[in-house]
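Peer 1: Please find one structure pasted underneath; my questions will follow.
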Amino acid sequence: MSDTLDFGHISLIARPLIVCDIDEVVLEFLTPLRNFLNSSGHDLLPRSFKLHGNIVAIENGEPVSETQTRTFLEEFFRQQDQWQTPADQVVETLADLAKNADIVFLTAMAPRHAAMRRALLDRHGLHYPLLASEEPKGPIIQRLHDARDVPLIFIDDILRNLQSVRACAPDCLLINLMANAEFRAMAPPPGDGIMTAEGWAQTAEIIRRHLLR
């Protein structure tokens, strides 16, 4: 459960809090995943906004099973440090935003992979605190923010995560950001109350306008 998460390594002060998802937001995910799949004779086809059914064997074009999809993802995260790299402009943009805001990473990942993810982020100068959990993100952010009277911003590529945070923190600025342009074009509309950005430069502009209101 989310209440078992250890927040002891996170020190927040009286300034805005920016919470960022990792995969497809801070780190490239879909492009590295496709490269990983290609290395074993498989491919990820950008034909709908999902993984299951779109991972196929290159030899015959047949989709792999849901079980095999989960196996591929598990192995990819075991090797993430060999495949994933930072999204365009994320390192410099977060460094600039960190001058005026606290930044925390919240990744939808099994905690068993968190140590490797921490090392990968640190390698690229992304030293912000990391939380790894497969629980809904809304309650986690609600507990992290703890009703402090400072602006709260949440950035994610998946609509259900944004909706979860909206339900638990209605005043949060919600930004939908996805690094992969092919899959982003097939994403469902985020709906009212959720901003969309096409990259980190636009994300920073949205955040700065929000903080200057």
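Every chain in the structure tokens takes a letter, A first, then B, and so on in the order presented; its residues are numbered from 1, and the ligands are numbered from 1 following the presented order.
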Fewer than 3 positions away in the same chain doesn't count, so skip those; otherwise give me all residues within 10 Å of Phe183 of chain A, counting only C-alpha atoms, as a VMD selection string.
Peer 2: chain A and resid 30 45 to 50 178 to 180 186 to 187
Peer 1: With only C-alpha atoms as the counted atoms, please give the residues lying no more than 10 Å from Thr93 of chain A, apart from itself and same-chain residues fewer than 5 positions off, as a list in words.
Peer 2: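 Counting only the stated atoms, we get Asp88, Ala98, Trp200, Ala201, Thr203 and Ala204 of chain A.
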Peer 1: Write out as an mmCIF file with C-alpha atoms, in the first residue's frame the residues lying within 10 Å of segment 85-87 of chain A, counting only C-alpha atoms and excluding same-chain residues fewer than 4 positions away.
Peer 2:
```cif
data_model
loop_
_atom_site.group_PDB
_atom_site.id
_atom_site.type_symbol
_atom_site.label_atom_id
_atom_site.label_comp_id
_atom_site.auth_asym_id
_atom_site.auth_seq_id
_atom_site.Cartn_x
_atom_site.Cartn_y
_atom_site.Cartn_z
ATOM 1 C CA ILE A 22 9.613 9.050 -15.051
ATOM 2 C CA ASP A 23 8.885 6.844 -18.077
ATOM 3 C CA GLU A 24 8.071 8.936 -21.178
ATOM 4 C CA VAL A 25 8.392 12.105 -19.057
ATOM 5 C CA VAL A 26 11.880 12.264 -17.546
ATOM 6 C CA LEU A 27 13.344 9.220 -19.284
ATOM 7 C CA GLU A 28 12.646 8.036 -22.814
ATOM 8 C CA PHE A 29 10.675 4.789 -22.575
ATOM 9 C CA THR A 31 11.798 4.316 -28.132
ATOM 10 C CA PRO A 32 14.282 2.427 -25.896
ATOM 11 C CA GLN A 80 16.920 -0.175 -18.050
ATOM 12 C CA ASP A 81 20.344 1.348 -17.445
ATOM 13 C CA VAL A 91 18.059 17.870 -17.396
ATOM 14 C CA LEU A 120 20.449 5.660 -13.853
ATOM 15 C CA LEU A 121 18.947 9.021 -12.889
ATOM 16 C CA ARG A 123 24.277 9.095 -13.822
ATOM 17 C CA HIS A 124 22.526 11.801 -15.831
ATOM 18 C CA GLY A 125 22.540 14.426 -13.097
ATOM 19 C CA LEU A 126 18.895 13.929 -12.131
ATOM 20 C CA MET A 178 4.836 12.332 -23.441
ATOM 21 C CA ALA A 179 8.214 12.113 -25.141
ATOM 22 C CA ASN A 180 7.275 9.770 -28.007
ATOM 23 C CA GLY A 199 8.103 18.936 -24.695
ATOM 24 C CA TRP A 200 9.954 20.214 -21.681
#
```
Peer 1: Could you name the residues that touch segment 37-40 of chain A at 12 Å or less, counting only C-alpha atoms, but leaving out those on the same chain fewer than 6 positions away, as a PyMOL selection string?
Peer 2: chain A and resi 30-31+51+54-59+64+68-69+71-73+75-76+83
Peer 1: Have a look at atom CA of Arg78 of chain A and atom CA of His9 of chain A and let me know their distance in Å, one decimal.
Peer 2: 23.8 Å
Peer 1: Looking only at the backbone, which of the residues in segment 45-124 of chain A does DSSP tag as strand (DSSP E or B), as a ChimeraX atom specification?
Peer 2: /A:55-57,63,86,102-107
Peer 1: Using only C-alpha atoms, can you tell me which of A:Ile155, A:Ala114, A:Met109, A:Ala14 comes closest to Cys172 of chain A?
Peer 2: A:Ile155
Peer 1: Set the distance at 6 Å and use only C-alpha atoms: which residues neighbour Asp21 of chain A once local chain neighbours fewer than 5 positions away are removed? I'd like the list as a list of chain:residue names.
Peer 2: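 With the cut-off at 6 Å, the set is A:Phe105, A:Leu106, A:Thr107, A:Asp156.
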Peer 1: Include C-alpha atoms and write out the residues we just selected as a compact mmCIF listing (two decimals), in the first residue's frame.
Peer 2:
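Output saved as selection_17.txt:
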```txt
# COMPACT_ATOMS: atom_id res chain seq x y z
CA PHE A 105 10.10 11.83 -9.02
CA LEU A 106 7.19 9.38 -8.71
CA THR A 107 7.59 6.33 -10.93
CA ASP A 156 2.55 12.42 -16.28
```
Peer 1: Got a sec: who's within 10 Å of Asn100 of chain A, counting only C-alpha atoms, leaving out chain neighbours fewer than 4 positions off, as number ranges by chain?
Peer 2: A: 15-17, 95-96, 208, 211
Peer 1: Return as an NGL selection string the full set of residues in segment 8-192 of chain A whose backbone-based DSSP assignment is helix (DSSP H, G or I).
Peer 2: :A and (30-38 or 66-78 or 80-83 or 90-97 or 111-123 or 137-145 or 159-168 or 181-184)
Peer 1: Using only C-alpha atoms, which of the listed residues (A:Gln202, A:Pro136, A:Arg34, A:Asp6) sits closest to Ser164 of chain A?
Peer 2: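 Counting only C-alpha atoms, the residue closest to Ser164 of chain A is A:Pro136.
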Peer 1: Using only C-alpha atoms, can you tell me which of A:Asp149, A:Glu92, A:Glu62, A:Glu135 comes closest to Ile13 of chain A?
Peer 2: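 Ranking A:Asp149, A:Glu92, A:Glu62, A:Glu135 by distance to Ile13 of chain A, first place goes to A:Asp149.
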Peer 1: Check the smallest atom-to-atom distance from each of A:Pro111, A:Pro188, A:Gly193, A:Pro151 to Gln163 of chain A using only C-alpha atoms, then report the winner.
Peer 2: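 Smallest separation from Gln163 of chain A among the options: A:Gly193.
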Peer 1: Given only C-alpha atoms as the basis, pick out the residue of A:Leu162, A:Ile103, A:Leu131, A:Leu5 nearest to Leu174 of chain A.
Peer 2: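 Comparing A:Leu162, A:Ile103, A:Leu131, A:Leu5 against Leu174 of chain A, the winner is A:Leu162.
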Peer 1: My list of candidates is A:Asn161, A:Thr196, A:Asn35, A:Gln142. Which is closest to Asn176 of chain A when distances are computed with only C-alpha atoms?
Peer 2: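 Among A:Asn161, A:Thr196, A:Asn35, A:Gln142, it is A:Thr196 that comes nearest to Asn176 of chain A.
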